[in-house]
Structures are given as structure tokens and as C-alpha cells.
Amino acid sequence: MRVILHSDLNNFYASCECLLHPEYNGKAVVVCGKIEDRHGVVLAKNLIAKNGGVKTGMTIFECKKIFPDLIAVEAHHDLYYEYSKKVKEIYKEYTDRIEGFGIDEAWLDVTESTKRLGSGKKIANEIRERVKEEIGLTVSVGVSFNKVFAKLGSDLKKPDAVTVIDENNYKEKIWGLPVEDLLFVGRATKEKLNDLGVFTIGGLARLDKKILLNKFGKIGEKLHEYANGLDSEPVKKYDEDDEIKSVGNSITFYKDVFTLKDVEMLFYFLSESVSERMKKYGIEIAKTIHVLIMAKDLRHLSFQGPLITPTSASNIIAETAIKLFKDKYDVTNGVRGVGVSVSNFYDSEQLSMGETQSKKDKGVTLDKTIENLRSRFGRTAISRAIVFRDKRLNETTPSGVSINNKKL
């Protein structure tokens, strides 16, 4: 029987900020993309703010109605990445099978380690204590016999806790939970399952698999397996997990936008940062684009498709994102944020000789020129004209970094 842990760093961004600033302890703290005025949007919050009713996506203005003495800090992604690496070094002492799920979560297969270190629960508690004592952060750890149930376990009790879900108790512990708590059940899937009369994980587990196949195809069969504890997906080795599968970025804007011109401005702004990161990681060409839309009511919608031309050029990334957006969403419904990521990577030699590259080559050359100017004179030294539609955007650094499988 496998022993899988899922470790989730509690309130990670805000916890890192509080660790760096002890004077924040005992106060409500939120991390925002931009805090120059009260319209900055919350990316993360500490436990005090969370328990008081602060939610991700709220503006600082809204938060201050709850906590007048709220501390709002801008996100420092480099800082969070360094703390994430420190925690991962502890994980490596227990197993080489460590699969990240974003910057603050990871699965660990400790099956072999139990032979010398004791039960999965014992190992989980040891990791939890070490992270707290050696780094100063807290983690919640789920222990189970598969990845999906381990993830559910880490969500059940927070912060600084260990929860065991085994073959004897999983029906009691998780079948009564809302179906949307199951990994990969998003808003759209939840609504479709609700239409079938399925509202809990147990209801999904008991539903005839043929109905799920007809409704969802293979993903329906997979969800049925997850609910019944039949997930057999292995935990990757950490060096396998280090392979970059996607690169992206997102932004929650300081106001709702309702015009295509404003959305185009956001997509060009983000596409430049995606292109820059591709080059930083040595990625020459992507063939697939993913677009995330945060609606005015904070609903999240996502779409994907092929890039107009396989490339790393920001202009083509932006043009494809805009086309996909126009095909899938009515901007007059309101947009609060957007995200762009690319995947399906190749190098130049893998492209067919017959593909037209002139537009791509011009875009790549232009990007390099812009990057050289910015490296010498600063990011605001040169910007696309469309970005000047909003002065604040031109002075903003994109947030919501997305690398590998991290959500935008």
C-alpha cells in the first residue's frame, strides 16, 4: 500500500511577509499586487484576516471596512520562491518523489521511507514540526494511499495539522464533502454534476459510471475513480517535476473593464512578460495558448487553443489571446482580470521547414530590442502605445506568476 503525503504551506504569501516582519504579528495582513491606492486587489491573506471575513479578490478598500488597521503589502514573488525552496530541501530528506502543485503545495511519496522512519502520520508530523522550527512557517499535511485523498486531507484541518485518510475511514471523512472539494472539479463541472443530482463526493462515487462517461467523456470516468479512492497516478520525482510545462502570467486589474480596447491593453501587457520569461528559461517556441478570464463577479473561465504561429514572440501571443477572448467571451459582461500562459514547447529545429516564420522572426527581434533597452534604462523606458491607455498599468509589474502547473 502506497503512503502519499500532501503538504500545503498555510497562508503562504502572507506568512512569508509576517516572518520577514515580526511587527505584523497579531494584525490582519493581506498581500496585494499593487497598493498605491485602496483599489489594490487581495492576492493572499493571513489567518487573522481570513477569519475576519477577508477573501481573495477583495479590494483593500473593502478589507479596511472590516479591519481599519489592516496591513497591506505588495507581493514579493522572489521571496516566496526562496522560502518554497527551503521547504523543499526538507522534503528531499524523506523522499526523491516530490511533485509540486504550485509554489506552496507538494505531494511526497514516502512509501519507502516508512520502512525506516515509521508510519506516514509520524513522518508527516516530523516534517510539520521541522518546517515550523527550522523555517518558521506552518504546513497542513494530508496522509493517504493516493494523491487525491492526500490533497483532501491537507484541506480538512488547517493550520499546522496532520489528517489521515485511509482505506477504512475515507467514506466517513470525505464522502459527505461538497463535490467541488474534489481535485479538478471546477465551477463548470460542479454545475453539471449538480444538474445530475450530484452534490457530494459520495454522490459522485455512487453514480453509475456510464452516466458520467456520457456526460463528460473520459474525465467523467477519472472523477469517478477519484471519488472511489482508485487514483493510481504516481508522484513524480522532483527532477522530473522541475521540467517546465507552461509559462504564464495574470493580472487582476484595479477596476472592472467593459471595452475590448482595455482588454487588448491587458493582453499585450501580459504577453510581453510571458515572452520575457520564455527566453529566461531558454524556451524558444510554444504552440499552445491558455487564456484565463476573471469576470466582474469573480467567476473564473479558461480557454485554450493553438497559437497563430508557434513562437515566443509577444505580439503573436497577444494577438492569439485576444482572438480567443473575442470568440469566447462578451466583454460587456465585465472583466476584472485576465491571464495568459503558453505550453507545448519546442525548439526551432522541431518546427517543419514549411512553416511561415517571417512574422514570428520580426516579433522575436522586436522583443529582444525592447528587452535590451529596458535592461539598460528600466522597464518604463519603452512600452507599447496601447499600454499608455492607462498610466497605472504602464507602471505596474505583473503578478500571479504561473510556471508549470500553478494556477494563473
# chains A, B, ... in the order shown; residues from 1 in each chain; ligands from 1
call {"tool": "residues_around", "arguments": {"residues": "Phe12 (chain A)", "least_positions_apart": "5", "cutoff": "10 Å", "atoms": "only C-alpha atoms", "output": "PyMOL selection string"}}
result
chain A and resi 17-18+44-46+80+83-84+103-105+137-139
call {"tool": "closest_atom_pairs", "arguments": {"of": "region 295-343 of chain A", "to": "region 278-288 of chain A", "cutoff": "7 Å", "atoms": "only C-alpha atoms", "output": "CSV"}}
result
residue,atom,partner,partner_atom,distance
A:Gly305,CA,A:Thr288,CA,5.8
A:Pro306,CA,A:Thr288,CA,4.5
A:Leu307,CA,A:Thr288,CA,5.4
A:Pro310,CA,A:Lys287,CA,4.6
A:Thr311,CA,A:Ile285,CA,4.4
A:Ser312,CA,A:Ile285,CA,5.1
A:Val342,CA,A:Thr288,CA,5.6
A:Ser343,CA,A:Thr288,CA,5.2
call {"tool": "write_last_selection", "arguments": {"atoms": "C-alpha atoms", "output": "short mmCIF file (atom, residue, chain, number, x, y, z; two decimals), in the first residue's frame"}}
result
data_model
loop_
_atom_site.label_atom_id
_atom_site.label_comp_id
_atom_site.auth_asym_id
_atom_site.auth_seq_id
_atom_site.Cartn_x
_atom_site.Cartn_y
_atom_site.Cartn_z
CA GLY A 305 -6.13 26.81 -28.45
CA PRO A 306 -3.18 26.81 -30.87
CA LEU A 307 -1.04 29.89 -31.31
CA PRO A 310 4.36 28.64 -32.98
CA THR A 311 6.55 31.27 -31.34
CA SER A 312 7.87 33.11 -28.32
CA VAL A 342 1.71 29.09 -23.11
CA SER A 343 2.69 25.43 -23.29
#
call {"tool": "closest_residue", "arguments": {"among": "A:Asp231, A:Glu225, A:Asp8, A:Asp109", "to": "Val162 (chain A)", "atoms": "only C-alpha atoms"}}
result
A:Asp8
call {"tool": "closest_residue", "arguments": {"among": "A:Thr309, A:Ser341, A:Thr200, A:Asn194", "to": "Leu182 (chain A)", "atoms": "only C-alpha atoms"}}
result
A:Thr200
call {"tool": "select_by_dssp", "arguments": {"residues": "region 179-297 of chain A", "states": "strand (DSSP E)", "output": "list of chain:residue names"}}
result
A:Ser246, A:Val247, A:Gly248, A:Asn249, A:Ser250, A:Ile251, A:Thr252, A:Phe253, A:Tyr254, A:Lys255, A:Asp256, A:Val257, A:Ile285, A:Ala286, A:Lys287, A:Thr288, A:Ile289, A:His290, A:Val291, A:Leu292, A:Ile293, A:Met294, A:Ala295
call {"tool": "write_last_selection", "arguments": {"atoms": "N, CA, C and O atoms", "output": "mmCIF file, in the first residue's frame"}}
result
data_model
loop_
_atom_site.group_PDB
_atom_site.id
_atom_site.type_symbol
_atom_site.label_atom_id
_atom_site.label_comp_id
_atom_site.auth_asym_id
_atom_site.auth_seq_id
_atom_site.Cartn_x
_atom_site.Cartn_y
_atom_site.Cartn_z
ATOM 1 N N SER A 246 4.640 24.850 -18.583
ATOM 2 C CA SER A 246 3.936 26.030 -19.060
ATOM 3 C C SER A 246 4.536 27.265 -18.405
ATOM 4 O O SER A 246 5.134 27.189 -17.340
ATOM 5 N N VAL A 247 4.376 28.392 -19.077
ATOM 6 C CA VAL A 247 4.837 29.673 -18.547
ATOM 7 C C VAL A 247 3.712 30.677 -18.762
ATOM 8 O O VAL A 247 3.153 30.759 -19.855
ATOM 9 N N GLY A 248 3.385 31.422 -17.719
ATOM 10 C CA GLY A 248 2.291 32.370 -17.883
ATOM 11 C C GLY A 248 2.321 33.486 -16.863
ATOM 12 O O GLY A 248 3.206 33.554 -16.012
ATOM 13 N N ASN A 249 1.343 34.344 -16.961
ATOM 14 C CA ASN A 249 1.210 35.449 -16.032
ATOM 15 C C ASN A 249 -0.230 35.923 -16.056
ATOM 16 O O ASN A 249 -0.966 35.669 -17.017
ATOM 17 N N SER A 250 -0.633 36.600 -14.983
ATOM 18 C CA SER A 250 -2.004 37.108 -14.915
ATOM 19 C C SER A 250 -2.020 38.420 -14.162
ATOM 20 O O SER A 250 -1.065 38.777 -13.479
ATOM 21 N N ILE A 251 -3.109 39.128 -14.294
ATOM 22 C CA ILE A 251 -3.256 40.393 -13.580
ATOM 23 C C ILE A 251 -4.717 40.577 -13.189
ATOM 24 O O ILE A 251 -5.623 40.284 -13.965
ATOM 25 N N THR A 252 -4.921 40.983 -11.948
ATOM 26 C CA THR A 252 -6.237 41.433 -11.505
ATOM 27 C C THR A 252 -6.206 42.950 -11.561
ATOM 28 O O THR A 252 -5.414 43.584 -10.861
ATOM 29 N N PHE A 253 -7.036 43.529 -12.405
ATOM 30 C CA PHE A 253 -6.986 44.962 -12.648
ATOM 31 C C PHE A 253 -7.609 45.719 -11.480
ATOM 32 O O PHE A 253 -8.356 45.154 -10.688
ATOM 33 N N TYR A 254 -7.270 46.994 -11.350
ATOM 34 C CA TYR A 254 -7.771 47.779 -10.222
ATOM 35 C C TYR A 254 -9.219 48.228 -10.415
ATOM 36 O O TYR A 254 -9.819 48.808 -9.509
ATOM 37 N N LYS A 255 -9.794 47.928 -11.581
ATOM 38 C CA LYS A 255 -11.190 48.287 -11.846
ATOM 39 C C LYS A 255 -11.750 47.273 -12.846
ATOM 40 O O LYS A 255 -11.006 46.555 -13.519
ATOM 41 N N ASP A 256 -13.073 47.190 -12.925
ATOM 42 C CA ASP A 256 -13.699 46.365 -13.944
ATOM 43 C C ASP A 256 -13.599 47.082 -15.290
ATOM 44 O O ASP A 256 -13.724 48.309 -15.365
ATOM 45 N N VAL A 257 -13.363 46.302 -16.348
ATOM 46 C CA VAL A 257 -13.302 46.900 -17.684
ATOM 47 C C VAL A 257 -14.399 46.294 -18.559
ATOM 48 O O VAL A 257 -14.786 45.134 -18.377
ATOM 49 N N ILE A 285 10.046 28.164 -28.411
ATOM 50 C CA ILE A 285 8.783 28.154 -29.145
ATOM 51 C C ILE A 285 7.704 27.457 -28.330
ATOM 52 O O ILE A 285 7.936 26.405 -27.735
ATOM 53 N N ALA A 286 6.514 28.057 -28.307
ATOM 54 C CA ALA A 286 5.330 27.400 -27.750
ATOM 55 C C ALA A 286 4.305 27.243 -28.865
ATOM 56 O O ALA A 286 4.252 28.053 -29.793
ATOM 57 N N LYS A 287 3.453 26.224 -28.747
ATOM 58 C CA LYS A 287 2.441 26.009 -29.782
ATOM 59 C C LYS A 287 1.014 26.156 -29.264
ATOM 60 O O LYS A 287 0.078 26.232 -30.049
ATOM 61 N N THR A 288 0.853 26.201 -27.941
ATOM 62 C CA THR A 288 -0.493 26.253 -27.361
ATOM 63 C C THR A 288 -0.616 27.438 -26.409
ATOM 64 O O THR A 288 0.325 27.742 -25.681
ATOM 65 N N ILE A 289 -1.767 28.083 -26.437
ATOM 66 C CA ILE A 289 -2.023 29.224 -25.547
ATOM 67 C C ILE A 289 -3.228 28.925 -24.657
ATOM 68 O O ILE A 289 -4.162 28.231 -25.069
ATOM 69 N N HIS A 290 -3.175 29.426 -23.420
ATOM 70 C CA HIS A 290 -4.269 29.281 -22.466
ATOM 71 C C HIS A 290 -4.651 30.679 -21.990
ATOM 72 O O HIS A 290 -3.780 31.474 -21.633
ATOM 73 N N VAL A 291 -5.936 30.969 -21.976
ATOM 74 C CA VAL A 291 -6.434 32.277 -21.558
ATOM 75 C C VAL A 291 -7.357 32.102 -20.363
ATOM 76 O O VAL A 291 -8.261 31.255 -20.387
ATOM 77 N N LEU A 292 -7.108 32.880 -19.329
ATOM 78 C CA LEU A 292 -7.960 32.892 -18.141
ATOM 79 C C LEU A 292 -8.697 34.225 -18.085
ATOM 80 O O LEU A 292 -8.101 35.276 -18.320
ATOM 81 N N ILE A 293 -9.969 34.172 -17.771
ATOM 82 C CA ILE A 293 -10.778 35.382 -17.631
ATOM 83 C C ILE A 293 -11.403 35.389 -16.243
ATOM 84 O O ILE A 293 -12.048 34.414 -15.840
ATOM 85 N N MET A 294 -11.190 36.471 -15.496
ATOM 86 C CA MET A 294 -11.920 36.674 -14.248
ATOM 87 C C MET A 294 -13.023 37.676 -14.531
ATOM 88 O O MET A 294 -12.761 38.835 -14.856
ATOM 89 N N ALA A 295 -14.264 37.218 -14.436
ATOM 90 C CA ALA A 295 -15.395 38.074 -14.732
ATOM 91 C C ALA A 295 -15.614 39.093 -13.621
ATOM 92 O O ALA A 295 -15.000 39.026 -12.552
#
call {"tool": "atom_distance", "arguments": {"atom1": "CA of Val335 (chain A)", "atom2": "CA of Leu301 (chain A)"}}
result
10.8 Å
call {"tool": "residues_around", "arguments": {"residues": "region 146-161 of chain A", "least_positions_apart": "6", "cutoff": "9 Å", "atoms": "only C-alpha atoms", "output": "VMD selection string"}}
result
chain A and resid 2 to 11 47 107 to 109 125 128 to 129 132 137 to 140 170 173 to 174 181 to 183 226 to 227 229 to 235
call {"tool": "select_by_dssp", "arguments": {"residues": "region 110-349 of chain A", "states": "alpha helix (DSSP H)", "output": "PyMOL selection string"}}
result
chain A and resi 114-117+120-130+147-156+170-174+187-195+201-206+209-216+218-227+238-241+260-280+314-328
call {"tool": "residues_around", "arguments": {"residues": "Glu99 (chain A)", "least_positions_apart": "2", "cutoff": "8 Å", "atoms": "only C-alpha atoms", "output": "PyMOL selection string"}}
result
chain A and resi 97+101+106-108+235-238+241
call {"tool": "closest_residue", "arguments": {"among": "A:Asn333, A:Asn344, A:Ser15, A:Asn315", "to": "Leu79 (chain A)", "atoms": "only C-alpha atoms"}}
result
A:Ser15
